[in-house]
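Enquirer: Structure supplied as final.cif; contents: mmCIF, C-alpha atoms.
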```cif
data_my_file
loop_
_atom_site.group_PDB
_atom_site.id
_atom_site.type_symbol
_atom_site.label_atom_id
_atom_site.label_comp_id
_atom_site.auth_asym_id
_atom_site.auth_seq_id
_atom_site.Cartn_x
_atom_site.Cartn_y
_atom_site.Cartn_z
ATOM 1 C CA MET A 4 -41.032 -16.633 -13.846
ATOM 2 C CA GLN A 5 -39.304 -13.303 -13.477
ATOM 3 C CA GLY A 6 -41.683 -10.360 -13.199
ATOM 4 C CA ASP A 7 -41.842 -7.453 -15.590
ATOM 5 C CA MET A 8 -41.792 -4.493 -13.199
ATOM 6 C CA ASP A 9 -39.271 -1.699 -13.799
ATOM 7 C CA ILE A 10 -37.611 -1.537 -10.384
ATOM 8 C CA VAL A 11 -36.064 1.799 -11.339
ATOM 9 C CA ASP A 12 -38.019 4.224 -13.485
ATOM 10 C CA PRO A 13 -36.544 4.000 -17.015
ATOM 11 C CA LEU A 14 -35.834 7.734 -17.042
ATOM 12 C CA ILE A 15 -33.801 7.455 -13.840
ATOM 13 C CA ASP A 16 -32.149 4.250 -15.032
ATOM 14 C CA ASP A 17 -30.991 6.007 -18.206
ATOM 15 C CA TYR A 18 -29.677 8.909 -16.131
ATOM 16 C CA LEU A 19 -27.707 6.582 -13.814
ATOM 17 C CA THR A 20 -26.326 4.729 -16.817
ATOM 18 C CA ARG A 21 -25.096 7.972 -18.361
ATOM 19 C CA LEU A 22 -23.422 8.927 -15.079
ATOM 20 C CA ALA A 23 -21.626 5.582 -14.878
ATOM 21 C CA GLY A 24 -20.524 5.929 -18.483
ATOM 22 C CA SER A 25 -18.446 3.416 -20.379
ATOM 23 C CA PRO A 26 -15.010 3.170 -18.759
ATOM 24 C CA ASP A 27 -13.405 1.091 -21.494
ATOM 25 C CA PRO A 28 -14.127 0.214 -25.143
ATOM 26 C CA VAL A 29 -14.068 -3.450 -24.141
ATOM 27 C CA GLU A 30 -16.943 -2.834 -21.713
ATOM 28 C CA ALA A 31 -18.970 -1.323 -24.558
ATOM 29 C CA GLU A 32 -18.125 -4.287 -26.765
ATOM 30 C CA MET A 33 -19.315 -6.683 -24.077
ATOM 31 C CA ARG A 34 -22.619 -4.818 -23.743
ATOM 32 C CA ARG A 35 -23.153 -4.950 -27.493
ATOM 33 C CA TYR A 36 -22.530 -8.677 -27.430
ATOM 34 C CA ALA A 37 -25.150 -9.084 -24.687
ATOM 35 C CA ASP A 38 -27.685 -7.128 -26.756
ATOM 36 C CA GLU A 39 -26.964 -9.274 -29.798
ATOM 37 C CA ARG A 40 -27.687 -12.385 -27.752
ATOM 38 C CA ASP A 41 -31.288 -11.270 -27.124
ATOM 39 C CA GLY A 42 -30.417 -9.379 -23.992
ATOM 40 C CA PHE A 43 -28.038 -11.835 -22.301
ATOM 41 C CA PRO A 44 -28.381 -10.788 -18.640
ATOM 42 C CA ILE A 45 -25.550 -8.559 -17.416
ATOM 43 C CA VAL A 46 -25.365 -6.215 -14.448
ATOM 44 C CA GLY A 47 -25.079 -3.059 -16.560
ATOM 45 C CA GLN A 48 -22.994 0.029 -15.978
ATOM 46 C CA ALA A 49 -24.651 1.525 -12.890
ATOM 47 C CA LEU A 50 -24.572 -1.728 -10.928
ATOM 48 C CA GLY A 51 -21.118 -2.507 -12.300
ATOM 49 C CA GLN A 52 -19.863 0.768 -10.844
ATOM 50 C CA LEU A 53 -21.380 -0.200 -7.473
ATOM 51 C CA LEU A 54 -19.613 -3.572 -7.581
ATOM 52 C CA SER A 55 -16.325 -1.778 -8.211
ATOM 53 C CA GLN A 56 -16.931 0.587 -5.320
ATOM 54 C CA LEU A 57 -17.906 -2.201 -2.908
ATOM 55 C CA SER A 58 -14.739 -4.123 -3.746
ATOM 56 C CA MET A 59 -12.670 -1.022 -2.995
ATOM 57 C CA LEU A 60 -14.511 -0.345 0.269
ATOM 58 C CA ALA A 61 -13.935 -3.955 1.329
ATOM 59 C CA HIS A 62 -10.243 -3.710 0.352
ATOM 60 C CA ALA A 63 -10.908 -6.950 -1.486
ATOM 61 C CA THR A 64 -8.026 -9.141 -2.529
ATOM 62 C CA ARG A 65 -10.040 -12.329 -3.199
ATOM 63 C CA ILE A 66 -13.429 -12.209 -4.928
ATOM 64 C CA PHE A 67 -15.346 -15.292 -6.033
ATOM 65 C CA GLU A 68 -18.173 -15.203 -8.579
ATOM 66 C CA VAL A 69 -20.862 -17.887 -8.859
ATOM 67 C CA GLY A 70 -22.246 -17.483 -12.376
ATOM 68 C CA SER A 71 -19.869 -15.234 -14.315
ATOM 69 C CA GLY A 72 -21.422 -15.496 -17.773
ATOM 70 C CA PHE A 73 -18.964 -14.040 -20.257
ATOM 71 C CA GLY A 74 -17.129 -11.921 -17.702
ATOM 72 C CA TYR A 75 -19.030 -8.625 -17.588
ATOM 73 C CA SER A 76 -19.323 -8.379 -13.786
ATOM 74 C CA ALA A 77 -15.757 -9.673 -13.435
ATOM 75 C CA PHE A 78 -14.643 -6.761 -15.614
ATOM 76 C CA TRP A 79 -16.037 -4.309 -13.050
ATOM 77 C CA PHE A 80 -14.520 -6.157 -10.107
ATOM 78 C CA ALA A 81 -11.132 -6.644 -11.753
ATOM 79 C CA ARG A 82 -10.683 -3.024 -12.788
ATOM 80 C CA ALA A 83 -11.034 -1.970 -9.126
ATOM 81 C CA LEU A 84 -8.523 -4.475 -7.747
ATOM 82 C CA GLU A 85 -4.972 -3.724 -6.746
ATOM 83 C CA PRO A 86 -2.145 -5.756 -8.323
ATOM 84 C CA GLY A 87 -2.002 -9.205 -6.765
ATOM 85 C CA ALA A 88 -5.730 -9.300 -5.984
ATOM 86 C CA THR A 89 -7.955 -11.679 -7.948
ATOM 87 C CA VAL A 90 -11.526 -12.383 -8.979
ATOM 88 C CA THR A 91 -12.422 -16.014 -9.682
ATOM 89 C CA LEU A 92 -14.865 -16.730 -12.511
ATOM 90 C CA THR A 93 -17.187 -19.737 -12.778
ATOM 91 C CA ASP A 94 -19.816 -20.751 -15.304
ATOM 92 C CA PHE A 95 -21.459 -23.899 -16.649
ATOM 93 C CA ASP A 96 -20.710 -22.855 -20.237
ATOM 94 C CA ARG A 97 -17.114 -23.264 -21.422
ATOM 95 C CA GLU A 98 -17.754 -20.889 -24.332
ATOM 96 C CA ASN A 99 -18.783 -18.139 -21.899
ATOM 97 C CA LEU A 100 -15.556 -18.584 -19.947
ATOM 98 C CA ASP A 101 -13.479 -18.576 -23.133
ATOM 99 C CA ARG A 102 -15.118 -15.304 -24.189
ATOM 100 C CA ALA A 103 -14.544 -13.873 -20.724
ATOM 101 C CA ARG A 104 -10.872 -14.762 -20.900
ATOM 102 C CA ALA A 105 -10.508 -13.094 -24.310
ATOM 103 C CA TRP A 106 -12.309 -9.888 -23.326
ATOM 104 C CA LEU A 107 -10.564 -9.532 -19.964
ATOM 105 C CA ALA A 108 -7.233 -10.030 -21.700
ATOM 106 C CA LYS A 109 -8.176 -7.352 -24.222
ATOM 107 C CA ALA A 110 -9.005 -5.002 -21.338
ATOM 108 C CA GLY A 111 -5.624 -5.693 -19.722
ATOM 109 C CA LEU A 112 -7.209 -7.318 -16.677
ATOM 110 C CA LEU A 113 -6.396 -10.983 -17.153
ATOM 111 C CA ASP A 114 -3.666 -10.988 -14.503
ATOM 112 C CA ARG A 115 -6.347 -10.198 -11.908
ATOM 113 C CA CYS A 116 -8.616 -13.093 -12.949
ATOM 114 C CA ARG A 117 -8.720 -16.794 -12.142
ATOM 115 C CA PHE A 118 -10.865 -19.248 -14.074
ATOM 116 C CA GLU A 119 -12.400 -22.425 -12.718
ATOM 117 C CA SER A 120 -13.169 -25.219 -15.174
ATOM 118 C CA ALA A 121 -16.655 -25.040 -16.682
ATOM 119 C CA GLY A 122 -19.181 -26.525 -14.291
ATOM 120 C CA ASP A 123 -21.159 -25.853 -11.118
ATOM 121 C CA GLY A 124 -19.888 -22.653 -9.513
ATOM 122 C CA LEU A 125 -21.153 -23.742 -6.090
ATOM 123 C CA GLU A 126 -19.063 -26.886 -6.238
ATOM 124 C CA SER A 127 -16.040 -24.738 -7.083
ATOM 125 C CA LEU A 128 -16.869 -22.375 -4.216
ATOM 126 C CA ALA A 129 -17.119 -25.313 -1.822
ATOM 127 C CA ARG A 130 -13.548 -26.269 -2.779
ATOM 128 C CA ALA A 131 -12.179 -22.731 -2.404
ATOM 129 C CA GLU A 132 -9.938 -21.726 0.463
ATOM 130 C CA GLY A 133 -11.570 -19.687 3.191
ATOM 131 C CA GLY A 134 -10.941 -16.020 3.860
ATOM 132 C CA LEU A 135 -12.748 -14.668 0.794
ATOM 133 C CA ASP A 136 -13.532 -10.955 0.841
ATOM 134 C CA ILE A 137 -16.536 -11.001 -1.518
ATOM 135 C CA VAL A 138 -18.756 -13.716 -2.958
ATOM 136 C CA PHE A 139 -20.932 -12.564 -5.853
ATOM 137 C CA LEU A 140 -24.020 -14.657 -6.608
ATOM 138 C CA ASP A 141 -25.513 -14.439 -10.079
ATOM 139 C CA GLY A 142 -26.349 -18.042 -10.922
ATOM 140 C CA GLU A 143 -29.561 -20.054 -10.640
ATOM 141 C CA LYS A 144 -31.950 -18.094 -8.444
ATOM 142 C CA ALA A 145 -33.573 -21.201 -6.947
ATOM 143 C CA GLU A 146 -30.105 -22.141 -5.656
ATOM 144 C CA TYR A 147 -29.460 -18.893 -3.786
ATOM 145 C CA PRO A 148 -30.291 -20.327 -0.321
ATOM 146 C CA ARG A 149 -27.850 -23.199 -0.886
ATOM 147 C CA ALA A 150 -25.325 -20.728 -2.270
ATOM 148 C CA LEU A 151 -25.523 -18.685 0.923
ATOM 149 C CA ALA A 152 -24.865 -21.790 3.029
ATOM 150 C CA VAL A 153 -21.780 -22.569 0.946
ATOM 151 C CA ALA A 154 -20.542 -18.975 0.818
ATOM 152 C CA LEU A 155 -20.697 -17.958 4.474
ATOM 153 C CA PRO A 156 -18.063 -20.397 5.814
ATOM 154 C CA LYS A 157 -15.720 -19.287 3.026
ATOM 155 C CA LEU A 158 -16.101 -15.583 3.841
ATOM 156 C CA ARG A 159 -13.891 -13.692 6.251
ATOM 157 C CA PRO A 160 -15.485 -11.686 9.071
ATOM 158 C CA GLY A 161 -16.452 -8.350 7.561
ATOM 159 C CA GLY A 162 -16.682 -9.883 4.110
ATOM 160 C CA LEU A 163 -19.629 -9.449 1.751
ATOM 161 C CA VAL A 164 -22.049 -11.692 -0.056
ATOM 162 C CA LEU A 165 -23.519 -9.785 -3.009
ATOM 163 C CA ALA A 166 -26.572 -11.325 -4.690
ATOM 164 C CA ASP A 167 -27.971 -10.021 -7.964
ATOM 165 C CA ASN A 168 -31.614 -10.026 -9.144
ATOM 166 C CA VAL A 169 -33.145 -10.391 -5.688
ATOM 167 C CA LEU A 170 -36.205 -8.289 -6.623
ATOM 168 C CA TRP A 171 -36.744 -10.420 -9.756
ATOM 169 C CA GLY A 172 -38.788 -7.886 -11.666
ATOM 170 C CA GLY A 173 -41.234 -7.516 -8.772
ATOM 171 C CA ALA A 174 -42.099 -11.222 -8.688
ATOM 172 C CA VAL A 175 -40.874 -11.595 -5.090
ATOM 173 C CA ALA A 176 -43.233 -8.851 -3.893
ATOM 174 C CA ARG A 177 -46.206 -10.272 -5.779
ATOM 175 C CA GLY A 178 -45.838 -13.636 -4.085
ATOM 176 C CA GLU A 179 -45.286 -15.715 -7.214
ATOM 177 C CA SER A 180 -44.494 -19.344 -6.454
ATOM 178 C CA ASP A 181 -42.132 -20.611 -9.176
ATOM 179 C CA ALA A 182 -38.840 -22.111 -8.021
ATOM 180 C CA ALA A 183 -36.689 -19.063 -8.809
ATOM 181 C CA THR A 184 -38.980 -16.608 -7.017
ATOM 182 C CA ALA A 185 -39.405 -18.915 -4.032
ATOM 183 C CA GLY A 186 -35.639 -19.346 -3.819
ATOM 184 C CA LEU A 187 -35.084 -15.593 -3.844
ATOM 185 C CA ARG A 188 -37.683 -15.008 -1.119
ATOM 186 C CA GLU A 189 -36.095 -17.707 1.049
ATOM 187 C CA TYR A 190 -32.655 -16.200 0.439
ATOM 188 C CA THR A 191 -33.949 -12.809 1.525
ATOM 189 C CA ARG A 192 -35.539 -14.308 4.644
ATOM 190 C CA LEU A 193 -32.211 -15.894 5.551
ATOM 191 C CA ILE A 194 -30.027 -12.825 5.076
ATOM 192 C CA PHE A 195 -32.375 -10.618 7.088
ATOM 193 C CA GLY A 196 -33.247 -13.174 9.755
ATOM 194 C CA SER A 197 -29.934 -14.858 10.547
ATOM 195 C CA GLU A 198 -27.778 -13.825 13.471
ATOM 196 C CA GLY A 199 -24.390 -12.509 12.490
ATOM 197 C CA LEU A 200 -25.504 -11.050 9.156
ATOM 198 C CA VAL A 201 -26.212 -7.410 8.323
ATOM 199 C CA SER A 202 -28.118 -6.976 5.077
ATOM 200 C CA THR A 203 -29.748 -4.442 2.830
ATOM 201 C CA ILE A 204 -31.264 -4.538 -0.648
ATOM 202 C CA VAL A 205 -30.391 -1.752 -3.037
ATOM 203 C CA PRO A 206 -33.223 -1.299 -5.576
ATOM 204 C CA ILE A 207 -30.939 -0.689 -8.528
ATOM 205 C CA ARG A 208 -31.393 -2.596 -11.789
ATOM 206 C CA ASP A 209 -33.133 -5.791 -10.555
ATOM 207 C CA GLY A 210 -32.088 -5.479 -6.923
ATOM 208 C CA LEU A 211 -28.705 -6.154 -5.312
ATOM 209 C CA ALA A 212 -28.633 -7.729 -1.831
ATOM 210 C CA ILE A 213 -25.579 -6.688 0.172
ATOM 211 C CA THR A 214 -24.866 -8.899 3.178
ATOM 212 C CA MET A 215 -21.973 -8.403 5.585
ATOM 213 C CA LYS A 216 -20.770 -11.263 7.743
ATOM 214 C CA ARG A 217 -19.981 -9.998 11.243
#
```
Show me this structure written as structure tokens.

Expert:
Amino acid sequence: MQGDMDIVDPLIDDYLTRLAGSPDPVEAEMRRYADERDGFPIVGQALGQLLSQLSMLAHATRIFEVGSGFGYSAFWFARALEPGATVTLTDFDRENLDRARAWLAKAGLLDRCRFESAGDGLESLARAEGGLDIVFLDGEKAEYPRALAVALPKLRPGGLVLADNVLWGGAVARGESDAATAGLREYTRLIFGSEGLVSTIVPIRDGLAITMKR
């Protein structure tokens, strides 16, 4: 199970959230929807701003998400993209993807988004053309090691794999043994121990792993 540790002190987290602000009324609407669904997991404003910045630094034109939910992280990627660049959304739940499409259209970002049919995002990633600039992992945590194996051949040299929730509320540090925690620890071992990868973990929200493929 996910741990219950505040990775960032709540006072600091609130401060970072205020700095990031709410860049669009649609973003605020999406956050309210998440709250109404008993805290549907989203990346939040501070991490969303980091995702936007990383996509700009990578000069990303093709981003692929594994586990898009109802499009909150895609909102942050899409708003940073230049015309002609795209973020691809995947999710098991068709209703999530339909909501994502509606909200991203409302935000004026739909032309920067592609939608795979509802289903396994890793299977969709395996079918994607190579040369991706960023792969964002936010699906089943036990599947992260497999996701890395699928993502790396699809990524261009210098591209990024971004993995959310890698600190898992402190569970990874406490040595818990459930499938999700074990998968996250194995993922972390791989990104720090594999030749040709340069990785760091940013302890923001629940931990974002940033891995560059040489």

Enquirer: So how many Å separate atom CA of Ala212 of chain A and atom CA of Tyr36 of chain A, to one decimal?

Expert: 26.3 Å

Enquirer: Can you translate the PyMOL selection byres ((chain A and resi 7) around 9) into the concrete residues it hits in this file, as a PyMOL selection string?

Expert: chain A and resi 5-6+8-10+171-174

Enquirer: What does the PyMOL selection byres ((chain A and resi 62) around 12) select in this file, as a ChimeraX atom specification?

Expert: /A:55-61,63-66,80,83-85,88-89,135-137,161-163

Enquirer: Any chance you could export the current selection's C-alpha atoms as a compact mmCIF listing (two decimals), in the coordinates of the input?

Expert:
```txt
# COMPACT_ATOMS: atom_id res chain seq x y z
CA SER A 55 -16.32 -1.78 -8.21
CA GLN A 56 -16.93 0.59 -5.32
CA LEU A 57 -17.91 -2.20 -2.91
CA SER A 58 -14.74 -4.12 -3.75
CA MET A 59 -12.67 -1.02 -3.00
CA LEU A 60 -14.51 -0.34 0.27
CA ALA A 61 -13.94 -3.96 1.33
CA ALA A 63 -10.91 -6.95 -1.49
CA THR A 64 -8.03 -9.14 -2.53
CA ARG A 65 -10.04 -12.33 -3.20
CA ILE A 66 -13.43 -12.21 -4.93
CA PHE A 80 -14.52 -6.16 -10.11
CA ALA A 83 -11.03 -1.97 -9.13
CA LEU A 84 -8.52 -4.47 -7.75
CA GLU A 85 -4.97 -3.72 -6.75
CA ALA A 88 -5.73 -9.30 -5.98
CA THR A 89 -7.96 -11.68 -7.95
CA LEU A 135 -12.75 -14.67 0.79
CA ASP A 136 -13.53 -10.96 0.84
CA ILE A 137 -16.54 -11.00 -1.52
CA GLY A 161 -16.45 -8.35 7.56
CA GLY A 162 -16.68 -9.88 4.11
CA LEU A 163 -19.63 -9.45 1.75
```

Enquirer: Find the spatial neighbours of Asp167 of chain A, counting only C-alpha atoms, within a cut-off of 12 Å - ignore same-chain residues fewer than 5 positions away - and output them as an MDAnalysis selection string.

Expert: chainID A and resid 44:47 50:51 53:54 68:71 76 138:144 147 172 187 190:191 204:214

Enquirer: Report, in Å with one decimal, the straight-line distance from atom CA of Ala31 of chain A to atom CA of Pro86 of chain A.

Expert: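 These two atoms are separated by 23.8 Å.
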
Enquirer: Would you mind telling me which residue in A:Glu189, A:Glu32, A:Asp12, A:Asp181 lies nearest to Arg149 of chain A when using only C-alpha atoms?

Expert: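 Among A:Glu189, A:Glu32, A:Asp12, A:Asp181, it is A:Glu189 that comes nearest to Arg149 of chain A.
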
Enquirer: Filtering to N, CA and C atoms, could segment 145-177 of chain A of the supplied structure be written out as a PDB file, in the first residue's frame?

Expert:
```pdb
ATOM      1  N   ALA A 145       3.163  -1.157 -10.048  1.00  0.00           N
ATOM      2  CA  ALA A 145       3.841  -2.447 -10.166  1.00  0.00           C
ATOM      3  C   ALA A 145       4.363  -2.683 -11.571  1.00  0.00           C
ATOM      4  N   GLU A 146       3.796  -1.975 -12.553  1.00  0.00           N
ATOM      5  CA  GLU A 146       4.178  -2.137 -13.957  1.00  0.00           C
ATOM      6  C   GLU A 146       5.291  -1.196 -14.393  1.00  0.00           C
ATOM      7  N   TYR A 147       5.766  -0.344 -13.511  1.00  0.00           N
ATOM      8  CA  TYR A 147       6.786   0.630 -13.920  1.00  0.00           C
ATOM      9  C   TYR A 147       8.038  -0.013 -14.522  1.00  0.00           C
ATOM     10  N   PRO A 148       8.578  -1.110 -13.966  1.00  0.00           N
ATOM     11  CA  PRO A 148       9.759  -1.699 -14.622  1.00  0.00           C
ATOM     12  C   PRO A 148       9.471  -2.135 -16.058  1.00  0.00           C
ATOM     13  N   ARG A 149       8.328  -2.756 -16.291  1.00  0.00           N
ATOM     14  CA  ARG A 149       7.957  -3.143 -17.654  1.00  0.00           C
ATOM     15  C   ARG A 149       7.760  -1.909 -18.520  1.00  0.00           C
ATOM     16  N   ALA A 150       7.173  -0.865 -17.937  1.00  0.00           N
ATOM     17  CA  ALA A 150       6.954   0.369 -18.681  1.00  0.00           C
ATOM     18  C   ALA A 150       8.280   0.969 -19.146  1.00  0.00           C
ATOM     19  N   LEU A 151       9.287   0.920 -18.298  1.00  0.00           N
ATOM     20  CA  LEU A 151      10.594   1.448 -18.670  1.00  0.00           C
ATOM     21  C   LEU A 151      11.164   0.676 -19.859  1.00  0.00           C
ATOM     22  N   ALA A 152      11.022  -0.652 -19.826  1.00  0.00           N
ATOM     23  CA  ALA A 152      11.537  -1.481 -20.915  1.00  0.00           C
ATOM     24  C   ALA A 152      10.836  -1.173 -22.233  1.00  0.00           C
ATOM     25  N   VAL A 153       9.557  -0.842 -22.168  1.00  0.00           N
ATOM     26  CA  VAL A 153       8.819  -0.488 -23.381  1.00  0.00           C
ATOM     27  C   VAL A 153       9.178   0.922 -23.833  1.00  0.00           C
ATOM     28  N   ALA A 154       9.353   1.831 -22.876  1.00  0.00           N
ATOM     29  CA  ALA A 154       9.551   3.241 -23.209  1.00  0.00           C
ATOM     30  C   ALA A 154      10.909   3.526 -23.829  1.00  0.00           C
ATOM     31  N   LEU A 155      11.967   2.930 -23.310  1.00  0.00           N
ATOM     32  CA  LEU A 155      13.314   3.329 -23.719  1.00  0.00           C
ATOM     33  C   LEU A 155      13.571   3.158 -25.216  1.00  0.00           C
ATOM     34  N   PRO A 156      13.147   2.056 -25.851  1.00  0.00           N
ATOM     35  CA  PRO A 156      13.395   1.956 -27.295  1.00  0.00           C
ATOM     36  C   PRO A 156      12.599   2.974 -28.117  1.00  0.00           C
ATOM     37  N   LYS A 157      11.534   3.504 -27.535  1.00  0.00           N
ATOM     38  CA  LYS A 157      10.702   4.473 -28.247  1.00  0.00           C
ATOM     39  C   LYS A 157      11.212   5.910 -28.085  1.00  0.00           C
ATOM     40  N   LEU A 158      12.168   6.109 -27.212  1.00  0.00           N
ATOM     41  CA  LEU A 158      12.631   7.445 -26.843  1.00  0.00           C
ATOM     42  C   LEU A 158      13.845   7.826 -27.669  1.00  0.00           C
ATOM     43  N   ARG A 159      13.893   9.054 -28.112  1.00  0.00           N
ATOM     44  CA  ARG A 159      15.075   9.531 -28.829  1.00  0.00           C
ATOM     45  C   ARG A 159      16.234   9.736 -27.861  1.00  0.00           C
ATOM     46  N   PRO A 160      17.478   9.707 -28.337  1.00  0.00           N
ATOM     47  CA  PRO A 160      18.593  10.084 -27.476  1.00  0.00           C
ATOM     48  C   PRO A 160      18.395  11.509 -26.950  1.00  0.00           C
ATOM     49  N   GLY A 161      18.580  11.685 -25.659  1.00  0.00           N
ATOM     50  CA  GLY A 161      18.331  12.970 -25.037  1.00  0.00           C
ATOM     51  C   GLY A 161      16.907  13.137 -24.554  1.00  0.00           C
ATOM     52  N   GLY A 162      16.054  12.169 -24.871  1.00  0.00           N
ATOM     53  CA  GLY A 162      14.674  12.224 -24.417  1.00  0.00           C
ATOM     54  C   GLY A 162      14.533  11.836 -22.956  1.00  0.00           C
ATOM     55  N   LEU A 163      13.342  12.056 -22.411  1.00  0.00           N
ATOM     56  CA  LEU A 163      13.095  11.895 -20.977  1.00  0.00           C
ATOM     57  C   LEU A 163      11.988  10.882 -20.712  1.00  0.00           C
ATOM     58  N   VAL A 164      12.224  10.050 -19.704  1.00  0.00           N
ATOM     59  CA  VAL A 164      11.149   9.287 -19.089  1.00  0.00           C
ATOM     60  C   VAL A 164      10.860   9.955 -17.743  1.00  0.00           C
ATOM     61  N   LEU A 165       9.621  10.358 -17.540  1.00  0.00           N
ATOM     62  CA  LEU A 165       9.194  10.994 -16.300  1.00  0.00           C
ATOM     63  C   LEU A 165       8.226  10.045 -15.608  1.00  0.00           C
ATOM     64  N   ALA A 166       8.510   9.697 -14.359  1.00  0.00           N
ATOM     65  CA  ALA A 166       7.684   8.726 -13.636  1.00  0.00           C
ATOM     66  C   ALA A 166       7.178   9.356 -12.348  1.00  0.00           C
ATOM     67  N   ASP A 167       5.862   9.369 -12.201  1.00  0.00           N
ATOM     68  CA  ASP A 167       5.237   9.991 -11.031  1.00  0.00           C
ATOM     69  C   ASP A 167       5.106   8.981  -9.885  1.00  0.00           C
ATOM     70  N   ASN A 168       5.032   9.518  -8.667  1.00  0.00           N
ATOM     71  CA  ASN A 168       4.754   8.746  -7.442  1.00  0.00           C
ATOM     72  C   ASN A 168       5.855   7.774  -7.057  1.00  0.00           C
ATOM     73  N   VAL A 169       7.096   8.064  -7.411  1.00  0.00           N
ATOM     74  CA  VAL A 169       8.156   7.085  -7.143  1.00  0.00           C
ATOM     75  C   VAL A 169       8.563   7.015  -5.669  1.00  0.00           C
ATOM     76  N   LEU A 170       8.151   7.978  -4.854  1.00  0.00           N
ATOM     77  CA  LEU A 170       8.428   7.901  -3.412  1.00  0.00           C
ATOM     78  C   LEU A 170       7.273   7.248  -2.660  1.00  0.00           C
ATOM     79  N   TRP A 171       6.084   7.238  -3.263  1.00  0.00           N
ATOM     80  CA  TRP A 171       4.945   6.432  -2.810  1.00  0.00           C
ATOM     81  C   TRP A 171       4.644   6.640  -1.329  1.00  0.00           C
ATOM     82  N   GLY A 172       4.591   7.913  -0.947  1.00  0.00           N
ATOM     83  CA  GLY A 172       4.255   8.247   0.426  1.00  0.00           C
ATOM     84  C   GLY A 172       5.235   7.707   1.446  1.00  0.00           C
ATOM     85  N   GLY A 173       6.482   7.512   1.062  1.00  0.00           N
ATOM     86  CA  GLY A 173       7.505   6.983   1.955  1.00  0.00           C
ATOM     87  C   GLY A 173       7.585   5.476   2.001  1.00  0.00           C
ATOM     88  N   ALA A 174       6.660   4.779   1.353  1.00  0.00           N
ATOM     89  CA  ALA A 174       6.634   3.316   1.422  1.00  0.00           C
ATOM     90  C   ALA A 174       7.907   2.694   0.860  1.00  0.00           C
ATOM     91  N   VAL A 175       8.485   3.304  -0.200  1.00  0.00           N
ATOM     92  CA  VAL A 175       9.692   2.742  -0.793  1.00  0.00           C
ATOM     93  C   VAL A 175      10.867   2.785   0.187  1.00  0.00           C
ATOM     94  N   ALA A 176      10.937   3.834   0.998  1.00  0.00           N
ATOM     95  CA  ALA A 176      12.037   3.976   1.948  1.00  0.00           C
ATOM     96  C   ALA A 176      11.861   3.066   3.158  1.00  0.00           C
ATOM     97  N   ARG A 177      10.615   2.753   3.486  1.00  0.00           N
ATOM     98  CA  ARG A 177      10.356   1.889   4.637  1.00  0.00           C
ATOM     99  C   ARG A 177      10.490   0.409   4.305  1.00  0.00           C
TER     100      ARG A 177
END
```
